[in-house]
Amino acid sequence: MIKPHKPVPPKKVPPQLDQSGERLSKRVAALAQCSRREAEQLIEGGWVQVNGQRVEEPMARVTDQTVLIDTTANLMALSEVTLLLHKPPGFEAMAPLGTANKRVKPAQTLLQLATHWPQDESPERVLKRHFAKLTAGVPLESAASGLVVFTQDWRVLRKLTEDAGLIEHEYVVEVQGEVSPEALHRMNTPPVSERDSLPPVKVSINSTGEASTRLRFAVKGAHPGLAAYLCERAGLQIMSMKRQRIGRVTLAHLPEGQWRFLAAHERF
């Protein structure tokens, strides 16, 4: 018996983008009597509304819609931003967006409007342009959580790279059980054979609990793997690690998985 063939459903054809009308940047340039580049900056700066809705894409097309430009628009107020993220464990701080390896989760994917910390005191309005052309400032272990910096500002990036060996990083490392004075001394005093290869580090007890101890590590520069090496050499097993501070900028109350703007008064 010949089985009937199943009918093949027609292929879905994606709808064509509406290319009618003129580019929003051209309309804004005419309304504001400015150059096309200045019009693009007005749009990307969040100062343009189309039918009452903010539009941030200069290439958007308009026909008979109402286009309004905010009277308080100021191109001088446009600035490059720096974003501070509380990275959860399992995300790669330095991995670029679009990494081919699916097992790698770039921390930069967490930078979006939905993860902006509601208690952020910065006067900056969150715009789409804030998530473009970001560069990760300093590395952090994938298994660790804590403060990660992404910036558009070349001055901040230069500070974090050229002065990397001068900026102190503070970590809280939780280890299993108690930490004896001998183990603490061993972490603070590397053997003579390693003193030239290991950076100076200050390790102290932050707090103790029934089953674990929280250690404070302070070291100049980012040294992925250093805390793990020192703990292993002292016979300690790490349960968690969090970077609390880079220079004078602290994680403070920023929740895990959320981000905020670097405030104007903050310096690394």
# chains A, B, ... in the order shown; residues from 1 in each chain; ligands from 1
call {"tool": "residues_around", "arguments": {"residues": "Val175 (chain A)", "least_positions_apart": "5", "cutoff": "7 Å", "atoms": "only C-alpha atoms", "output": "NGL selection string"}}
result
:A and (212-214 or 236-239)
call {"tool": "closest_atom_pairs", "arguments": {"of": "region 42-101 of chain A", "to": "region 153-156 of chain A", "cutoff": "9 Å", "atoms": "only C-alpha atoms", "output": "CSV"}}
result
residue,atom,partner,partner_atom,distance
A:Ser79,CA,A:Asp153,CA,8.4
A:Glu80,CA,A:Asp153,CA,5.2
A:Val81,CA,A:Asp153,CA,6.2
A:Thr82,CA,A:Asp153,CA,6.7
call {"tool": "residues_around", "arguments": {"residues": "Lys105 (chain A)", "least_positions_apart": "5", "cutoff": "12 Å", "atoms": "only C-alpha atoms", "output": "list in words"}}
result
Lys87, Pro88, Pro89, Gly90, Phe91, Glu92, Ala93, Met94, Ala95, Pro96, Leu97, Gly98, Thr99, Ala100, Leu110, Ser142 and Ala143 of chain A
call {"tool": "write_last_selection", "arguments": {"atoms": "N, CA, C and O atoms", "output": "compact mmCIF listing (two decimals), in the first residue's frame"}}
result
# COMPACT_ATOMS: atom_id res chain seq x y z
N LYS A 87 29.65 40.95 37.87
CA LYS A 87 29.65 39.73 37.06
C LYS A 87 29.33 38.51 37.91
O LYS A 87 29.95 38.29 38.94
N PRO A 88 28.38 37.68 37.48
CA PRO A 88 28.14 36.42 38.18
C PRO A 88 29.19 35.38 37.76
O PRO A 88 29.84 35.52 36.73
N PRO A 89 29.35 34.32 38.55
CA PRO A 89 30.26 33.25 38.15
C PRO A 89 29.80 32.61 36.84
O PRO A 89 28.61 32.57 36.53
N GLY A 90 30.76 32.14 36.06
CA GLY A 90 30.43 31.45 34.81
C GLY A 90 30.48 32.33 33.58
O GLY A 90 30.39 31.82 32.46
N PHE A 91 30.63 33.62 33.75
CA PHE A 91 30.72 34.55 32.61
C PHE A 91 32.17 34.99 32.42
O PHE A 91 32.90 35.19 33.38
N GLU A 92 32.56 35.15 31.14
CA GLU A 92 33.92 35.55 30.80
C GLU A 92 33.99 37.07 30.68
O GLU A 92 33.30 37.66 29.84
N ALA A 93 34.81 37.69 31.52
CA ALA A 93 34.89 39.14 31.54
C ALA A 93 35.45 39.72 30.25
O ALA A 93 34.99 40.75 29.77
N MET A 94 36.44 39.07 29.67
CA MET A 94 37.14 39.64 28.52
C MET A 94 36.65 39.11 27.18
O MET A 94 37.12 39.55 26.13
N ALA A 95 35.72 38.17 27.18
CA ALA A 95 35.25 37.57 25.92
C ALA A 95 34.44 38.59 25.13
O ALA A 95 33.51 39.20 25.66
N PRO A 96 34.75 38.76 23.84
CA PRO A 96 33.99 39.70 23.02
C PRO A 96 32.62 39.15 22.67
O PRO A 96 32.39 37.93 22.71
N LEU A 97 31.70 40.03 22.34
CA LEU A 97 30.38 39.61 21.89
C LEU A 97 30.51 38.81 20.60
O LEU A 97 31.37 39.08 19.77
N GLY A 98 29.64 37.81 20.44
CA GLY A 98 29.68 37.02 19.23
C GLY A 98 30.77 35.97 19.24
O GLY A 98 31.19 35.50 18.18
N THR A 99 31.27 35.60 20.43
CA THR A 99 32.29 34.56 20.52
C THR A 99 31.76 33.27 19.91
O THR A 99 30.65 32.84 20.21
N ALA A 100 32.57 32.65 19.05
CA ALA A 100 32.11 31.47 18.32
C ALA A 100 31.87 30.28 19.24
O ALA A 100 30.97 29.48 19.01
N LEU A 110 25.38 40.79 29.49
CA LEU A 110 24.55 41.20 30.62
C LEU A 110 24.29 42.70 30.63
O LEU A 110 23.47 43.18 31.42
N SER A 142 36.66 33.31 35.35
CA SER A 142 35.31 32.93 34.97
C SER A 142 34.51 32.45 36.18
O SER A 142 33.33 32.76 36.32
N ALA A 143 35.15 31.68 37.06
CA ALA A 143 34.45 31.11 38.22
C ALA A 143 34.20 32.14 39.31
O ALA A 143 33.42 31.88 40.24
call {"tool": "atom_distance", "arguments": {"atom1": "CA of Ala218 (chain A)", "atom2": "CA of Gln108 (chain A)"}}
result
25.6 Å
call {"tool": "closest_residue", "arguments": {"among": "A:Val149, A:Leu157, A:Val62, A:Leu111", "to": "Leu251 (chain A)", "atoms": "only C-alpha atoms"}}
result
A:Val149
call {"tool": "atom_distance", "arguments": {"atom1": "CA of Glu38 (chain A)", "atom2": "CA of Asn74 (chain A)"}}
result
10.4 Å
call {"tool": "select_by_dssp", "arguments": {"residues": "region 193-262 of chain A", "states": "strand (DSSP E)", "output": "number ranges by chain"}}
result
A: 201-208, 212-220, 238-246, 249-250, 259-261
call {"tool": "atom_distance", "arguments": {"atom1": "CA of Gln41 (chain A)", "atom2": "CA of Leu75 (chain A)"}}
result
7.0 Å
call {"tool": "closest_residue", "arguments": {"among": "A:Ala144, A:Val138, A:Gln176, A:Arg54", "to": "Ala211 (chain A)", "atoms": "only C-alpha atoms"}}
result
A:Gln176
call {"tool": "select_by_dssp", "arguments": {"residues": "region 19-218 of chain A", "states": "alpha helix (DSSP H)", "output": "PDB file with N, CA and C atoms, in the first residue's frame"}}
result
ATOM      1  N   LEU A  24      15.454  59.181   8.965  1.00  0.00           N
ATOM      2  CA  LEU A  24      15.160  60.074  10.084  1.00  0.00           C
ATOM      3  C   LEU A  24      16.249  61.124  10.234  1.00  0.00           C
ATOM      4  N   SER A  25      17.501  60.741  10.014  1.00  0.00           N
ATOM      5  CA  SER A  25      18.590  61.703  10.158  1.00  0.00           C
ATOM      6  C   SER A  25      18.447  62.866   9.171  1.00  0.00           C
ATOM      7  N   LYS A  26      17.956  62.581   7.974  1.00  0.00           N
ATOM      8  CA  LYS A  26      17.756  63.644   6.983  1.00  0.00           C
ATOM      9  C   LYS A  26      16.646  64.584   7.431  1.00  0.00           C
ATOM     10  N   ARG A  27      15.539  64.005   7.975  1.00  0.00           N
ATOM     11  CA  ARG A  27      14.432  64.837   8.452  1.00  0.00           C
ATOM     12  C   ARG A  27      14.881  65.717   9.615  1.00  0.00           C
ATOM     13  N   VAL A  28      15.638  65.138  10.544  1.00  0.00           N
ATOM     14  CA  VAL A  28      16.099  65.893  11.705  1.00  0.00           C
ATOM     15  C   VAL A  28      17.067  66.990  11.286  1.00  0.00           C
ATOM     16  N   ALA A  29      17.936  66.705  10.325  1.00  0.00           N
ATOM     17  CA  ALA A  29      18.878  67.719   9.847  1.00  0.00           C
ATOM     18  C   ALA A  29      18.135  68.922   9.267  1.00  0.00           C
ATOM     19  N   ALA A  30      17.022  68.638   8.574  1.00  0.00           N
ATOM     20  CA  ALA A  30      16.237  69.732   8.000  1.00  0.00           C
ATOM     21  C   ALA A  30      15.511  70.511   9.091  1.00  0.00           C
ATOM     22  N   LEU A  31      14.962  69.800  10.068  1.00  0.00           N
ATOM     23  CA  LEU A  31      14.231  70.472  11.139  1.00  0.00           C
ATOM     24  C   LEU A  31      15.154  71.302  12.024  1.00  0.00           C
ATOM     25  N   ALA A  32      16.329  70.749  12.339  1.00  0.00           N
ATOM     26  CA  ALA A  32      17.248  71.437  13.253  1.00  0.00           C
ATOM     27  C   ALA A  32      18.208  72.359  12.521  1.00  0.00           C
ATOM     28  N   ARG A  36      24.174  66.444   8.759  1.00  0.00           N
ATOM     29  CA  ARG A  36      23.653  65.077   8.914  1.00  0.00           C
ATOM     30  C   ARG A  36      24.307  64.392  10.106  1.00  0.00           C
ATOM     31  N   ARG A  37      25.591  64.621  10.324  1.00  0.00           N
ATOM     32  CA  ARG A  37      26.274  64.006  11.461  1.00  0.00           C
ATOM     33  C   ARG A  37      25.706  64.525  12.776  1.00  0.00           C
ATOM     34  N   GLU A  38      25.451  65.818  12.857  1.00  0.00           N
ATOM     35  CA  GLU A  38      24.855  66.371  14.081  1.00  0.00           C
ATOM     36  C   GLU A  38      23.454  65.805  14.288  1.00  0.00           C
ATOM     37  N   ALA A  39      22.724  65.605  13.209  1.00  0.00           N
ATOM     38  CA  ALA A  39      21.395  65.008  13.311  1.00  0.00           C
ATOM     39  C   ALA A  39      21.485  63.583  13.852  1.00  0.00           C
ATOM     40  N   GLU A  40      22.466  62.829  13.379  1.00  0.00           N
ATOM     41  CA  GLU A  40      22.657  61.462  13.891  1.00  0.00           C
ATOM     42  C   GLU A  40      22.975  61.480  15.380  1.00  0.00           C
ATOM     43  N   GLN A  41      23.754  62.442  15.818  1.00  0.00           N
ATOM     44  CA  GLN A  41      24.098  62.545  17.233  1.00  0.00           C
ATOM     45  C   GLN A  41      22.875  62.908  18.076  1.00  0.00           C
ATOM     46  N   LEU A  42      22.020  63.774  17.532  1.00  0.00           N
ATOM     47  CA  LEU A  42      20.786  64.113  18.240  1.00  0.00           C
ATOM     48  C   LEU A  42      19.905  62.873  18.423  1.00  0.00           C
ATOM     49  N   ILE A  43      19.841  62.059  17.384  1.00  0.00           N
ATOM     50  CA  ILE A  43      19.009  60.847  17.444  1.00  0.00           C
ATOM     51  C   ILE A  43      19.614  59.836  18.397  1.00  0.00           C
ATOM     52  N   GLU A  44      20.910  59.569  18.258  1.00  0.00           N
ATOM     53  CA  GLU A  44      21.576  58.599  19.120  1.00  0.00           C
ATOM     54  C   GLU A  44      21.622  59.070  20.567  1.00  0.00           C
ATOM     55  N   TRP A 154      38.567  56.271  26.240  1.00  0.00           N
ATOM     56  CA  TRP A 154      39.971  55.877  26.071  1.00  0.00           C
ATOM     57  C   TRP A 154      40.822  56.278  27.262  1.00  0.00           C
ATOM     58  N   ARG A 155      40.411  57.334  27.975  1.00  0.00           N
ATOM     59  CA  ARG A 155      41.193  57.766  29.138  1.00  0.00           C
ATOM     60  C   ARG A 155      41.072  56.762  30.273  1.00  0.00           C
ATOM     61  N   VAL A 156      39.868  56.226  30.480  1.00  0.00           N
ATOM     62  CA  VAL A 156      39.679  55.205  31.508  1.00  0.00           C
ATOM     63  C   VAL A 156      40.437  53.941  31.133  1.00  0.00           C
ATOM     64  N   LEU A 157      40.341  53.544  29.861  1.00  0.00           N
ATOM     65  CA  LEU A 157      41.026  52.335  29.419  1.00  0.00           C
ATOM     66  C   LEU A 157      42.536  52.477  29.571  1.00  0.00           C
ATOM     67  N   ARG A 158      43.064  53.638  29.242  1.00  0.00           N
ATOM     68  CA  ARG A 158      44.511  53.858  29.388  1.00  0.00           C
ATOM     69  C   ARG A 158      44.920  53.789  30.851  1.00  0.00           C
ATOM     70  N   LYS A 159      44.100  54.337  31.738  1.00  0.00           N
ATOM     71  CA  LYS A 159      44.392  54.275  33.168  1.00  0.00           C
ATOM     72  C   LYS A 159      44.440  52.828  33.650  1.00  0.00           C
ATOM     73  N   LEU A 160      43.480  52.020  33.210  1.00  0.00           N
ATOM     74  CA  LEU A 160      43.387  50.638  33.667  1.00  0.00           C
ATOM     75  C   LEU A 160      44.489  49.751  33.084  1.00  0.00           C
ATOM     76  N   THR A 161      45.025  50.141  31.937  1.00  0.00           N
ATOM     77  CA  THR A 161      46.054  49.314  31.301  1.00  0.00           C
ATOM     78  C   THR A 161      47.464  49.804  31.618  1.00  0.00           C
ATOM     79  N   GLU A 162      47.718  51.093  31.415  1.00  0.00           N
ATOM     80  CA  GLU A 162      49.059  51.610  31.655  1.00  0.00           C
ATOM     81  C   GLU A 162      49.428  51.619  33.132  1.00  0.00           C
ATOM     82  N   PRO A 181      46.835  30.139  61.745  1.00  0.00           N
ATOM     83  CA  PRO A 181      47.847  31.196  61.608  1.00  0.00           C
ATOM     84  C   PRO A 181      48.994  30.780  60.686  1.00  0.00           C
ATOM     85  N   GLU A 182      49.320  29.499  60.685  1.00  0.00           N
ATOM     86  CA  GLU A 182      50.395  29.017  59.824  1.00  0.00           C
ATOM     87  C   GLU A 182      50.012  29.140  58.346  1.00  0.00           C
ATOM     88  N   ALA A 183      48.773  28.768  58.024  1.00  0.00           N
ATOM     89  CA  ALA A 183      48.310  28.864  56.639  1.00  0.00           C
ATOM     90  C   ALA A 183      48.258  30.315  56.179  1.00  0.00           C
ATOM     91  N   LEU A 184      47.817  31.200  57.068  1.00  0.00           N
ATOM     92  CA  LEU A 184      47.755  32.625  56.739  1.00  0.00           C
ATOM     93  C   LEU A 184      49.163  33.175  56.498  1.00  0.00           C
ATOM     94  N   HIS A 185      50.086  32.773  57.337  1.00  0.00           N
ATOM     95  CA  HIS A 185      51.467  33.218  57.182  1.00  0.00           C
ATOM     96  C   HIS A 185      52.059  32.708  55.877  1.00  0.00           C
ATOM     97  N   ARG A 186      51.709  31.481  55.512  1.00  0.00           N
ATOM     98  CA  ARG A 186      52.252  30.906  54.291  1.00  0.00           C
ATOM     99  C   ARG A 186      51.771  31.656  53.059  1.00  0.00           C
ATOM    100  N   MET A 187      50.523  32.116  53.072  1.00  0.00           N
ATOM    101  CA  MET A 187      50.008  32.874  51.926  1.00  0.00           C
ATOM    102  C   MET A 187      50.643  34.258  51.826  1.00  0.00           C
ATOM    103  N   ASN A 188      50.966  34.841  52.978  1.00  0.00           N
ATOM    104  CA  ASN A 188      51.555  36.173  52.983  1.00  0.00           C
ATOM    105  C   ASN A 188      53.067  36.165  52.786  1.00  0.00           C
TER     106      ASN A 188
END
call {"tool": "residues_around", "arguments": {"residues": "Asn206 (chain A)", "least_positions_apart": "5", "cutoff": "10 Å", "atoms": "only C-alpha atoms", "output": "ChimeraX atom specification"}}
result
/A:172-174,213-217
call {"tool": "write_last_selection", "arguments": {"atoms": "C-alpha atoms", "output": "PDB file, in the first residue's frame"}}
result
ATOM      1  CA  VAL A 172      36.896  38.302  49.269  1.00  0.00           C
ATOM      2  CA  VAL A 173      37.720  34.602  49.007  1.00  0.00           C
ATOM      3  CA  GLU A 174      35.668  32.083  50.986  1.00  0.00           C
ATOM      4  CA  THR A 213      36.378  31.413  56.502  1.00  0.00           C
ATOM      5  CA  ARG A 214      36.304  34.539  54.403  1.00  0.00           C
ATOM      6  CA  LEU A 215      39.706  35.904  53.457  1.00  0.00           C
ATOM      7  CA  ARG A 216      40.528  39.370  52.173  1.00  0.00           C
ATOM      8  CA  PHE A 217      43.113  39.534  49.395  1.00  0.00           C
TER       9      PHE A 217
END
call {"tool": "decode", "arguments": {"residues": "region 190-215 of chain A", "atoms": "N, CA and C atoms", "output": "mmCIF file, in the first residue's frame"}}
result
data_model
loop_
_atom_site.group_PDB
_atom_site.id
_atom_site.type_symbol
_atom_site.label_atom_id
_atom_site.label_comp_id
_atom_site.auth_asym_id
_atom_site.auth_seq_id
_atom_site.Cartn_x
_atom_site.Cartn_y
_atom_site.Cartn_z
ATOM 1 N N PRO A 190 55.636 34.117 50.609
ATOM 2 C CA PRO A 190 56.033 33.094 49.644
ATOM 3 C C PRO A 190 57.488 32.696 49.841
ATOM 4 N N PRO A 191 57.867 31.511 49.441
ATOM 5 C CA PRO A 191 59.262 31.097 49.570
ATOM 6 C C PRO A 191 60.187 31.971 48.728
ATOM 7 N N VAL A 192 61.446 31.987 49.099
ATOM 8 C CA VAL A 192 62.432 32.830 48.435
ATOM 9 C C VAL A 192 62.458 32.561 46.929
ATOM 10 N N SER A 193 62.276 31.317 46.543
ATOM 11 C CA SER A 193 62.340 30.954 45.128
ATOM 12 C C SER A 193 61.213 31.564 44.302
ATOM 13 N N GLU A 194 60.136 32.021 44.969
ATOM 14 C CA GLU A 194 58.975 32.551 44.244
ATOM 15 C C GLU A 194 58.773 34.045 44.452
ATOM 16 N N ARG A 195 59.591 34.667 45.270
ATOM 17 C CA ARG A 195 59.357 36.073 45.613
ATOM 18 C C ARG A 195 59.490 37.003 44.416
ATOM 19 N N ASP A 196 60.309 36.645 43.471
ATOM 20 C CA ASP A 196 60.482 37.497 42.297
ATOM 21 C C ASP A 196 59.389 37.277 41.252
ATOM 22 N N SER A 197 58.726 36.117 41.314
ATOM 23 C CA SER A 197 57.716 35.807 40.303
ATOM 24 C C SER A 197 56.295 36.113 40.767
ATOM 25 N N LEU A 198 56.091 36.234 42.083
ATOM 26 C CA LEU A 198 54.749 36.519 42.609
ATOM 27 C C LEU A 198 54.646 37.965 43.055
ATOM 28 N N PRO A 199 53.536 38.638 42.754
ATOM 29 C CA PRO A 199 53.367 40.023 43.211
ATOM 30 C C PRO A 199 53.111 40.048 44.718
ATOM 31 N N PRO A 200 53.497 41.129 45.386
ATOM 32 C CA PRO A 200 53.195 41.240 46.817
ATOM 33 C C PRO A 200 51.688 41.219 47.051
ATOM 34 N N VAL A 201 51.257 40.428 48.009
ATOM 35 C CA VAL A 201 49.822 40.309 48.292
ATOM 36 C C VAL A 201 49.606 40.317 49.801
ATOM 37 N N LYS A 202 48.541 40.982 50.229
ATOM 38 C CA LYS A 202 48.182 41.015 51.644
ATOM 39 C C LYS A 202 46.932 40.168 51.848
ATOM 40 N N VAL A 203 47.026 39.148 52.680
ATOM 41 C CA VAL A 203 45.901 38.259 52.959
ATOM 42 C C VAL A 203 45.571 38.351 54.439
ATOM 43 N N SER A 204 44.311 38.611 54.736
ATOM 44 C CA SER A 204 43.862 38.686 56.130
ATOM 45 C C SER A 204 42.515 38.008 56.259
ATOM 46 N N ILE A 205 42.138 37.678 57.505
ATOM 47 C CA ILE A 205 40.854 37.042 57.742
ATOM 48 C C ILE A 205 39.774 38.113 57.820
ATOM 49 N N ASN A 206 38.778 37.994 56.967
ATOM 50 C CA ASN A 206 37.665 38.939 56.936
ATOM 51 C C ASN A 206 36.602 38.562 57.954
ATOM 52 N N SER A 207 36.193 37.294 57.963
ATOM 53 C CA SER A 207 35.205 36.797 58.913
ATOM 54 C C SER A 207 35.288 35.278 58.950
ATOM 55 N N THR A 208 34.748 34.712 60.000
ATOM 56 C CA THR A 208 34.733 33.252 60.140
ATOM 57 C C THR A 208 33.312 32.776 60.413
ATOM 58 N N GLY A 209 33.017 31.565 59.953
ATOM 59 C CA GLY A 209 31.720 30.949 60.188
ATOM 60 C C GLY A 209 31.898 29.540 60.704
ATOM 61 N N GLU A 210 30.804 28.805 60.789
ATOM 62 C CA GLU A 210 30.870 27.451 61.317
ATOM 63 C C GLU A 210 31.633 26.516 60.385
ATOM 64 N N ALA A 211 31.484 26.704 59.083
ATOM 65 C CA ALA A 211 32.100 25.765 58.152
ATOM 66 C C ALA A 211 33.056 26.422 57.169
ATOM 67 N N SER A 212 33.225 27.741 57.250
ATOM 68 C CA SER A 212 34.079 28.411 56.265
ATOM 69 C C SER A 212 34.703 29.670 56.850
ATOM 70 N N THR A 213 35.682 30.182 56.130
ATOM 71 C CA THR A 213 36.378 31.413 56.502
ATOM 72 C C THR A 213 36.447 32.308 55.278
ATOM 73 N N ARG A 214 36.199 33.573 55.494
ATOM 74 C CA ARG A 214 36.304 34.539 54.403
ATOM 75 C C ARG A 214 37.610 35.299 54.547
ATOM 76 N N LEU A 215 38.415 35.244 53.479
ATOM 77 C CA LEU A 215 39.706 35.904 53.457
ATOM 78 C C LEU A 215 39.647 37.155 52.583
#
